[in-house]
$ cat target_30.txt   # compact mmCIF, C-alpha atoms
# COMPACT_ATOMS: atom_id res chain seq x y z
CA MET A 135 17.94 -129.95 71.67
CA GLU A 136 21.63 -129.10 71.62
CA ASN A 137 21.27 -127.27 68.29
CA LYS A 138 18.33 -125.31 69.62
CA LYS A 139 20.32 -124.36 72.66
CA GLU A 140 23.25 -123.33 70.53
CA ASN A 141 20.97 -121.30 68.28
CA GLY A 142 19.35 -119.75 71.32
CA GLU A 143 22.72 -118.85 72.74
CA GLU A 144 23.72 -117.34 69.39
CA GLU A 145 20.51 -115.29 69.26
CA GLU A 146 21.07 -114.07 72.82
CA GLU A 147 24.68 -113.17 72.06
CA GLY A 148 23.55 -111.31 68.93
CA SER A 149 20.87 -109.27 70.71
CA ILE A 150 21.40 -105.65 71.72
CA GLU A 151 20.55 -104.75 75.28
CA GLY A 152 21.79 -103.00 78.40
CA ASP A 153 23.94 -99.88 78.15
CA VAL A 154 24.58 -100.43 74.44
CA LEU A 155 20.88 -100.41 73.61
CA GLU A 156 20.24 -97.41 75.87
CA SER A 157 23.05 -95.49 74.18
CA ILE A 158 21.70 -96.26 70.69
CA LEU A 159 18.15 -95.30 71.67
CA SER A 160 19.31 -91.94 73.04
CA TYR A 161 20.23 -90.89 69.48
CA LEU A 162 16.80 -91.66 68.00
CA PRO A 163 14.23 -88.95 67.20
CA LEU A 164 11.44 -88.72 69.75
CA LEU A 165 8.76 -90.40 67.60
CA ASP A 166 11.09 -93.33 66.87
CA LEU A 167 11.79 -93.58 70.57
CA ASP A 168 8.08 -94.00 71.19
CA SER A 169 7.91 -96.79 68.61
CA ALA A 170 10.92 -98.49 70.18
CA SER A 171 9.24 -98.47 73.59
CA GLN A 172 6.48 -100.71 72.19
CA VAL A 173 8.80 -103.46 70.87
CA SER A 174 8.97 -105.36 74.17
CA LYS A 175 9.11 -104.87 77.92
CA SER A 176 12.90 -104.90 77.88
CA TRP A 177 12.98 -102.26 75.12
CA ASN A 178 10.44 -100.16 76.97
CA ARG A 179 12.70 -100.33 80.02
CA ALA A 180 15.72 -99.44 77.88
CA VAL A 181 13.86 -96.42 76.45
CA PHE A 182 13.08 -95.24 79.98
CA PHE A 183 16.73 -95.39 81.01
CA SER A 184 17.94 -93.92 77.69
CA LEU A 185 16.06 -90.70 78.49
CA ARG A 186 18.85 -89.89 80.96
CA ARG A 187 21.16 -89.45 77.97
CA PHE A 188 18.58 -88.11 75.53
CA LYS A 189 19.35 -84.62 74.25
CA THR A 190 16.13 -82.70 73.74
CA LEU A 191 16.15 -80.29 70.81
CA PRO A 192 13.18 -77.89 70.67
CA TRP A 193 10.58 -78.27 67.94
CA LEU A 194 9.32 -75.37 65.85
CA LEU A 195 5.51 -75.30 65.65
CA ILE A 196 3.38 -73.62 62.98
CA TYR A 197 -0.35 -73.11 63.54
CA THR A 198 -2.93 -71.40 61.35
CA GLN A 199 -6.06 -69.50 62.28
CA LYS A 200 -8.89 -67.91 60.32
CA THR A 201 -8.67 -64.13 60.03
CA TYR A 202 -12.41 -63.63 60.61
CA PRO A 203 -14.88 -64.64 63.37
CA PRO A 204 -15.05 -67.17 64.91
CA TYR A 205 -11.23 -67.17 64.44
CA THR A 206 -11.08 -70.96 64.36
CA MET A 207 -7.63 -72.51 64.54
CA SER A 208 -6.95 -75.43 62.22
CA THR A 209 -6.93 -78.91 63.72
CA THR A 210 -3.81 -79.57 61.65
CA ALA A 211 -0.46 -78.00 62.53
CA MET A 212 3.12 -78.50 61.39
CA ALA A 213 6.15 -79.16 63.55
CA TYR A 214 9.84 -79.30 62.69
CA ASP A 215 11.91 -81.82 64.67
CA PRO A 216 15.62 -80.89 64.42
CA LYS A 217 16.75 -84.32 65.60
CA SER A 218 15.20 -86.02 62.55
CA ASP A 219 15.56 -82.87 60.40
CA SER A 220 12.01 -83.32 59.14
CA TRP A 221 8.53 -81.80 59.28
CA ILE A 222 5.78 -83.62 61.14
CA GLU A 223 2.08 -83.09 60.63
CA LEU A 224 0.04 -82.81 63.83
CA ASN A 225 -3.63 -83.73 63.66
CA SER A 226 -6.10 -83.31 66.46
CA THR A 227 -8.81 -85.96 66.23
CA SER A 228 -10.89 -84.71 69.14
CA SER A 229 -12.66 -81.35 69.19
CA SER A 230 -12.28 -81.19 72.96
CA SER A 231 -8.48 -81.25 72.65
CA SER A 232 -8.23 -79.21 69.47
CA PRO A 233 -6.24 -75.99 69.57
CA SER A 234 -9.29 -74.35 67.95
CA SER A 235 -11.62 -74.66 70.95
CA PRO A 236 -9.89 -72.27 73.41
CA VAL A 237 -9.88 -69.25 71.09
CA GLU A 238 -12.92 -69.90 68.97
CA HIS A 239 -15.37 -66.98 69.16
CA VAL A 240 -12.80 -64.98 71.17
CA SER A 241 -10.10 -63.31 69.07
CA VAL A 242 -6.94 -63.92 67.13
CA ALA A 243 -4.24 -65.96 68.81
CA ARG A 244 -0.70 -64.62 69.10
CA SER A 245 2.65 -66.00 70.15
CA SER A 246 5.04 -64.44 72.65
CA HIS A 247 8.54 -65.29 73.92
CA SER A 248 8.63 -68.49 71.85
CA THR A 249 6.61 -70.82 74.09
CA LEU A 250 3.48 -68.79 74.92
CA LEU A 251 0.27 -68.61 72.88
CA TYR A 252 -2.51 -66.30 73.99
CA ALA A 253 -5.81 -64.81 72.86
CA LEU A 254 -7.11 -61.52 74.28
CA SER A 255 -10.51 -59.90 73.95
CA PRO A 256 -12.70 -57.63 76.11
CA ALA A 257 -14.54 -60.80 77.17
CA GLY A 258 -11.61 -62.88 78.36
CA PHE A 259 -7.98 -63.91 78.22
CA SER A 260 -6.85 -67.41 77.18
CA PHE A 261 -3.27 -68.66 77.20
CA SER A 262 -1.32 -71.89 76.77
CA THR A 263 2.27 -72.85 77.58
CA ASP A 264 2.33 -76.66 77.24
CA ALA A 265 4.50 -78.19 74.51
CA PHE A 266 1.78 -78.70 71.88
CA HIS A 267 -0.64 -76.06 73.24
CA LEU A 268 -3.36 -78.60 73.91
CA THR A 269 -4.42 -77.16 77.26
CA TRP A 270 -5.48 -73.57 77.70
CA ARG A 271 -6.26 -71.54 80.79
CA HIS A 272 -9.12 -69.05 80.64
CA VAL A 273 -9.20 -66.02 82.95
CA ALA A 274 -10.99 -62.69 83.19
CA PRO A 275 -9.71 -59.99 80.82
CA PRO A 276 -7.29 -57.33 82.10
CA ARG A 277 -9.00 -54.27 83.56
CA VAL A 278 -7.37 -51.99 81.00
CA TRP A 279 -8.57 -52.41 77.41
CA ARG A 280 -5.63 -53.38 75.19
CA ILE A 281 -5.17 -54.15 71.52
CA ASP A 282 -1.41 -54.80 71.09
CA PRO A 283 0.21 -55.51 74.48
CA ILE A 284 3.41 -57.33 75.32
CA VAL A 285 2.57 -60.53 77.20
CA ALA A 286 4.74 -62.91 79.21
CA VAL A 287 4.44 -65.75 81.69
CA VAL A 288 7.11 -65.62 84.39
CA GLY A 289 6.89 -68.39 86.95
CA ARG A 290 3.25 -68.45 88.02
CA SER A 291 2.58 -64.85 86.99
CA LEU A 292 0.99 -63.62 83.77
CA ILE A 293 2.16 -60.12 82.79
CA VAL A 294 0.40 -57.80 80.33
CA ALA A 295 1.94 -54.42 79.55
CA GLY A 296 1.27 -51.52 77.17
CA GLY A 297 -0.64 -51.82 73.91
CA VAL A 298 -3.63 -49.97 75.38
CA CYS A 299 -6.45 -48.28 73.47
CA ASP A 300 -6.17 -44.53 72.90
CA PHE A 301 -9.01 -43.60 75.26
CA GLU A 302 -7.38 -45.28 78.28
CA GLU A 303 -5.82 -42.91 80.79
CA ASP A 304 -2.52 -44.77 81.23
CA ARG A 305 -1.06 -45.99 77.90
CA PHE A 306 1.85 -47.55 79.85
CA ALA A 307 -0.42 -49.59 82.14
CA VAL A 308 0.97 -52.90 83.45
CA GLU A 309 -1.16 -55.63 85.00
CA LEU A 310 -0.15 -58.91 86.59
CA PHE A 311 -2.44 -61.92 86.99
CA HIS A 312 -1.57 -63.99 90.04
CA ASP A 313 -3.68 -66.19 92.34
CA GLY A 314 -6.84 -65.59 90.34
CA ALA A 315 -6.84 -61.78 90.21
CA TRP A 316 -5.39 -58.90 88.17
CA GLU A 317 -3.18 -56.41 89.97
CA ARG A 318 -1.94 -53.03 88.70
CA CYS A 319 1.85 -52.64 88.79
CA GLU A 320 4.38 -49.93 88.14
CA SER A 321 3.72 -48.53 84.64
CA MET A 322 6.14 -49.02 81.78
CA PRO A 323 9.10 -46.61 81.75
CA ASP A 324 8.76 -43.24 79.98
CA ALA A 325 11.73 -44.17 77.77
CA LEU A 326 9.34 -46.52 75.93
CA TYR A 327 6.86 -43.70 75.21
CA ALA A 328 7.02 -44.11 71.43
CA SER A 329 6.99 -47.90 71.44
CA ALA A 330 4.77 -49.23 74.23
CA SER A 331 3.30 -52.11 72.22
CA ALA A 332 4.23 -55.52 70.87
CA THR A 333 4.69 -54.12 67.36
CA TRP A 334 7.81 -52.17 68.39
CA LEU A 335 9.11 -54.24 71.30
CA SER A 336 10.70 -57.67 71.58
CA VAL A 337 9.99 -59.64 74.75
CA ALA A 338 11.76 -62.53 76.47
CA ALA A 339 10.99 -64.34 79.73
CA SER A 340 13.28 -66.13 82.16
CA SER A 341 12.15 -68.09 85.20
CA GLU A 342 12.31 -64.88 87.25
CA LYS A 343 11.90 -61.80 85.03
CA MET A 344 10.45 -60.39 81.82
CA TYR A 345 12.85 -58.56 79.50
CA VAL A 346 11.86 -56.08 76.79
CA THR A 347 13.88 -54.17 74.23
CA GLU A 348 12.93 -51.62 71.62
CA LYS A 349 13.65 -53.37 68.33
CA SER A 350 15.11 -50.31 66.62
CA SER A 351 17.07 -48.48 69.35
CA GLY A 352 18.00 -51.30 71.74
CA VAL A 353 16.65 -49.48 74.80
CA ALA A 354 16.07 -52.30 77.29
CA PHE A 355 14.37 -52.95 80.64
CA SER A 356 13.53 -55.87 82.87
CA PHE A 357 10.35 -56.33 84.91
CA ASP A 358 10.36 -58.24 88.19
CA PRO A 359 6.95 -59.74 89.09
CA GLU A 360 8.04 -60.08 92.73
CA THR A 361 8.66 -56.35 93.21
CA ARG A 362 6.20 -55.31 90.45
CA SER A 363 8.84 -52.87 89.20
CA TRP A 364 11.04 -52.05 86.18
CA THR A 365 14.84 -51.82 85.98
CA ARG A 366 16.78 -50.05 83.24
CA LEU A 367 19.38 -52.20 81.48
CA LEU A 368 22.32 -51.30 79.30
CA ASP A 369 21.13 -50.52 75.76
CA LEU A 370 21.40 -53.64 73.62
CA CYS A 371 23.92 -52.08 71.23
CA PRO A 372 27.13 -54.12 71.12
CA GLY A 373 30.09 -51.91 70.31
CA GLY A 374 31.27 -51.87 66.72
CA CYS A 375 28.03 -53.33 65.31
CA GLY A 376 25.46 -51.00 63.81
CA LEU A 377 22.11 -52.74 64.31
CA TYR A 378 18.86 -51.41 62.89
CA SER A 379 16.66 -54.19 64.31
CA ARG A 380 17.02 -56.75 67.07
CA SER A 381 15.03 -59.45 68.81
CA ILE A 382 15.58 -61.32 72.10
CA GLY A 383 14.81 -64.73 73.56
CA PHE A 384 15.94 -67.14 76.26
CA SER A 385 18.00 -70.26 75.70
CA GLY A 386 17.94 -72.06 79.04
CA GLU A 387 18.90 -69.30 81.48
CA SER A 388 20.82 -67.28 78.88
CA LEU A 389 19.39 -64.12 77.32
CA ILE A 390 20.11 -64.25 73.59
CA MET A 391 19.88 -61.36 71.13
CA ALA A 392 19.78 -61.54 67.33
CA GLY A 393 20.44 -58.34 65.41
CA ILE A 394 20.46 -57.26 61.77
CA THR A 395 23.53 -55.26 60.76
CA GLY A 396 23.64 -52.64 58.02
CA ASP A 397 20.40 -50.90 57.09
CA GLU A 398 17.00 -51.87 55.69
CA ASP A 399 18.05 -51.17 52.10
CA ASN A 400 21.28 -53.11 52.49
CA PRO A 401 21.36 -55.63 55.38
CA THR A 402 24.90 -56.91 55.73
CA GLY A 403 24.36 -59.78 58.13
CA ILE A 404 22.72 -61.23 61.22
CA GLU A 405 24.74 -61.50 64.42
CA LEU A 406 23.85 -63.22 67.70
CA TRP A 407 25.05 -62.51 71.23
CA GLU A 408 24.52 -63.75 74.73
CA VAL A 409 23.55 -60.78 76.90
CA ILE A 410 25.08 -61.25 80.34
CA VAL A 411 23.08 -59.11 82.77
CA SER A 412 24.65 -58.27 86.12
CA ASP A 413 22.21 -58.70 89.02
CA GLU A 414 24.16 -56.23 91.14
CA SER A 415 24.47 -53.55 88.45
CA PRO A 416 22.16 -54.14 85.45
CA MET A 417 23.72 -51.22 83.54
CA ASP A 418 27.04 -53.10 83.60
CA SER A 419 25.73 -55.83 81.31
CA ARG A 420 28.06 -57.18 78.63
CA PHE A 421 27.77 -58.95 75.31
CA GLU A 422 29.45 -62.16 74.19
CA SER A 423 29.29 -63.02 70.50
CA ILE A 424 27.97 -66.54 69.92
CA GLY A 425 27.72 -66.66 66.13
CA SER A 426 27.11 -65.06 62.75
CA MET A 427 24.54 -66.32 60.27
CA PRO A 428 26.30 -67.68 57.17
CA GLU A 429 25.72 -65.62 54.03
CA ALA A 430 24.03 -68.54 52.26
CA CYS A 431 21.49 -68.81 55.10
CA LEU A 432 20.88 -65.04 55.05
CA ASP A 433 20.10 -65.21 51.33
CA LYS A 434 17.65 -68.06 51.93
CA LEU A 435 16.01 -66.16 54.80
CA ARG A 436 15.47 -63.09 52.59
CA GLY A 437 13.88 -65.17 49.85
CA ALA A 438 14.11 -65.03 46.08
CA ASP A 439 13.46 -61.28 45.98
CA SER A 440 16.56 -60.04 47.77
CA ASP A 441 15.49 -56.42 47.19
CA TRP A 442 12.63 -56.86 49.67
CA PRO A 443 13.44 -54.93 52.88
CA LEU A 444 14.37 -57.02 55.90
CA THR A 445 12.69 -54.90 58.56
CA SER A 446 12.75 -57.18 61.61
CA LEU A 447 13.33 -60.73 62.76
CA ALA A 448 10.98 -63.30 64.23
CA PHE A 449 13.20 -65.05 66.76
CA ASN A 450 12.48 -68.23 68.69
CA ALA A 451 15.05 -69.43 71.21
CA VAL A 452 14.43 -72.40 73.50
CA GLY A 453 16.84 -74.91 74.94
CA ASP A 454 19.77 -75.49 72.58
CA MET A 455 18.13 -74.23 69.39
CA VAL A 456 17.43 -70.86 67.81
CA TYR A 457 15.02 -70.38 64.90
CA ILE A 458 14.95 -67.20 62.81
CA HIS A 459 12.68 -66.05 60.00
CA ASP A 460 11.64 -62.76 58.45
CA ALA A 461 8.87 -61.24 60.55
CA ALA A 462 7.25 -59.93 57.37
CA GLU A 463 6.86 -63.54 56.10
CA ASN A 464 7.74 -62.53 52.55
CA GLY A 465 8.46 -66.06 51.36
CA GLY A 466 11.93 -66.58 52.78
CA GLU A 467 13.15 -69.73 54.46
CA ILE A 468 13.41 -70.50 58.17
CA VAL A 469 16.98 -70.63 59.47
CA ALA A 470 18.02 -72.63 62.53
CA ALA A 471 21.20 -73.19 64.51
CA GLU A 472 22.13 -75.35 67.46
CA ILE A 473 23.92 -74.00 70.52
CA GLY A 474 26.93 -76.25 70.99
CA GLU A 475 29.75 -76.53 73.48
CA GLY A 476 30.94 -73.25 74.90
CA GLY A 477 27.61 -71.61 74.11
CA LYS A 478 28.52 -71.00 70.45
CA LEU A 479 26.13 -71.47 67.55
CA CYS A 480 26.91 -74.32 65.19
CA GLU A 481 25.24 -76.53 62.58
CA TRP A 482 23.45 -73.70 60.77
CA ARG A 483 20.70 -74.96 58.50
CA THR A 484 17.72 -73.85 56.48
CA LEU A 485 14.75 -76.04 57.28
CA PRO A 486 13.93 -78.58 54.55
CA ASN A 487 10.88 -77.69 52.46
CA ALA A 488 10.23 -74.66 54.68
CA ASN A 489 9.16 -72.58 51.71
CA ALA A 490 6.52 -75.16 50.76
CA ILE A 491 5.32 -75.25 54.37
CA TRP A 492 4.88 -71.46 54.37
CA ASN A 493 3.00 -71.53 51.07
CA ASN A 494 0.69 -74.32 52.20
CA LYS A 495 -0.04 -72.55 55.47
CA SER A 496 -0.41 -68.96 54.26
CA HIS A 497 -3.84 -68.82 52.61
CA ALA A 498 -5.45 -65.41 52.22
CA ALA A 499 -8.09 -66.20 54.86
CA GLU A 500 -5.60 -67.60 57.37
CA ARG A 501 -2.81 -66.20 59.47
CA VAL A 502 0.28 -68.08 60.63
CA ILE A 503 1.31 -68.41 64.29
CA VAL A 504 4.84 -69.62 65.05
CA ALA A 505 5.91 -71.04 68.40
CA CYS A 506 8.70 -73.20 69.78
CA SER A 507 8.61 -75.92 72.41
CA ASN A 508 11.08 -78.11 74.24
CA VAL A 509 9.29 -81.40 73.52
CA GLY A 510 10.07 -84.28 75.86
CA PHE A 511 8.92 -87.91 75.99
CA SER A 512 6.28 -87.09 78.60
CA ASP A 513 4.94 -84.31 76.32
CA LEU A 514 4.61 -86.84 73.51
CA LYS A 515 2.70 -89.26 75.75
CA PHE A 516 0.43 -86.42 76.91
CA ALA A 517 -0.27 -85.56 73.27
CA PHE A 518 -1.22 -89.17 72.46
CA LYS A 519 -3.52 -89.20 75.48
CA ASN A 520 -5.21 -86.07 74.15
CA ASN A 521 -5.77 -87.58 70.68
CA LEU A 522 -3.03 -85.74 68.84
CA SER A 523 -1.60 -87.86 66.02
CA PHE A 524 1.74 -87.44 64.23
CA SER A 525 2.67 -88.23 60.65
CA THR A 526 5.78 -87.40 58.61
CA ALA A 527 5.04 -84.63 56.13

$ encode --input "target_30.txt" --output "C-alpha cells"
Amino acid sequence: MENKKENGEEEEEGSIEGDVLESILSYLPLLDLDSASQVSKSWNRAVFFSLRRFKTLPWLLIYTQKTYPPYTMSTTAMAYDPKSDSWIELNSTSSSSSPSSPVEHVSVARSSHSTLLYALSPAGFSFSTDAFHLTWRHVAPPRVWRIDPIVAVVGRSLIVAGGVCDFEEDRFAVELFHDGAWERCESMPDALYASASATWLSVAASSEKMYVTEKSSGVAFSFDPETRSWTRLLDLCPGGCGLYSRSIGFSGESLIMAGITGDEDNPTGIELWEVIVSDESPMDSRFESIGSMPEACLDKLRGADSDWPLTSLAFNAVGDMVYIHDAAENGGEIVAAEIGEGGKLCEWRTLPNANAIWNNKSHAAERVIVACSNVGFSDLKFAFKNNLSFSTA
C-alpha cells in the first residue's frame, strides 16, 4: 500500500495542471485545443480558463462555386490556420448546413471586406458573416437593379452602393437594409463617377462606418449608416510613395491600406500603412507606415512568370493578420504577415503549399472565393454542431 501511495504521489507530482497547464494550452492551435478539452474534466476546465490567454489569429478561407446555374458551392473548403501554419480541409456532411444551399439557384457568391460573403440576384439577396459562413440570411433584393455593387455590413445595417445596370436612372444609388426594409440614402459622390462599382473600388467596414477608395487614384470617402451620408476623406496617397493600386481593410479598429509602388510593368514593392482618420476633420487624416513586403515574398506573390502585370491586390485584414494575393489569381502564392507590438507587421510568410491549393481549387468550371475570419473556440463548437468536419490537408 505504501508503494502504491508513493507511486500515486509521484504521478500527482508529475502531472501538469493549474496555471502551468492553462499557459501551455493557450499556445496550442484551435483544433488541438478542442482535442485537449476532451481528455478529462480537469483538462476541459483548463481549456476554458486558457482561452483568457489564447491569442486568436484569423483563418484564411477558400471556397469554390460552379460558374453556371445552379451556382452550387462545394461542400469542401480549405482554411489556413496561421497558429499551426497549415491548411485544413473543411467538409460539410449535412446539406442543410452546407455553404451551397443559401446561394444555389440564386447567383454567384462574392466576398467583401474580408468577412462578408453575399449573393445578389433580382430575386433575392443572401449574405453571411459568421466565421465559417454556415448560416445565411435571406432578404428581398434591393429596389435598384445592380450587377457589380460594393457591399458592406456595418453594425446591424447592410449597405449596397453603385454597380447599377445602365438603364437605371441613378447609377450612384445607395440603399441600406435595416429592420427588414430597404431605404434609399444619399447617392455616391460625383468624384466616383468613373468608378462606381466593386471592380474599381476597394471597401472596408468598421463597427461604425463603411470606407471606400478608388484603387487607382486613392480618392476616398466614408459612409455613415446613422446619418445615411458620405464624407470626403484625404486621398489615400502617402507622400513620397507613387502607388498605382491600393486596397483597404480593417484590423481591429485600425484602417489598413496596402499599396503597390512603381507601375504595372515594373512593380517595385508593396507597402502597408495604418490610415488614421480624424473624426473632427476627416481631411486631416495621416498615414503611419507599418511594414514593407520583403522582396522574396513579392516574387512569390507574382508567381513564376514575373513579367505578368500585377494590376491590383486582393487584401484581407482581420484581427492581427493580413493576407495578400494577386487579384488576377495568376498562379502566385498567398503572402501573410502578423501585426505585432506597436502595430508593425512582422513574421512575413508565404503560405505553405498555397500554389497547390490554388491549382486544386481553380478548375475551369469553378470560381474561387476568398474570405477571412477571426475563428474562436465558440465558432469551432458551432461548426461541429452544424456537421462541419476538419482534417489536416

$ closest_residue --input "target_30.txt" --among "A:Asn487, A:Thr206, A:Thr402, A:Ser388" --to "Glu500 of chain A" --atoms "only C-alpha atoms"
A:Thr206

$ atom_distance --input "target_30.txt" --atom1 "atom CA of Trp316 of chain A" --atom2 "atom CA of Asp282 of chain A"
18.0 Å

$ residues_near_point --input "target_30.txt" --point "(13.2, -98.3, 68.8)" --cutoff "12 Å" --atoms "only C-alpha atoms" --output "MDAnalysis selection string"
chainID A and resid 150:151 155:182 184

$ closest_residue --input "target_30.txt" --among "A:Asn508, A:Gly466, A:Tyr345, A:Ala354" --to "Ala490 of chain A" --atoms "all atoms listed in the file"
A:Gly466

$ closest_residue --input "target_30.txt" --among "A:Arg290, A:Arg277, A:His267, A:Arg318" --to "Leu224 of chain A" --atoms "only C-alpha atoms"
A:His267

$ atom_distance --input "target_30.txt" --atom1 "atom CA of Glu398 of chain A" --atom2 "atom CA of Ile424 of chain A"
23.2 Å
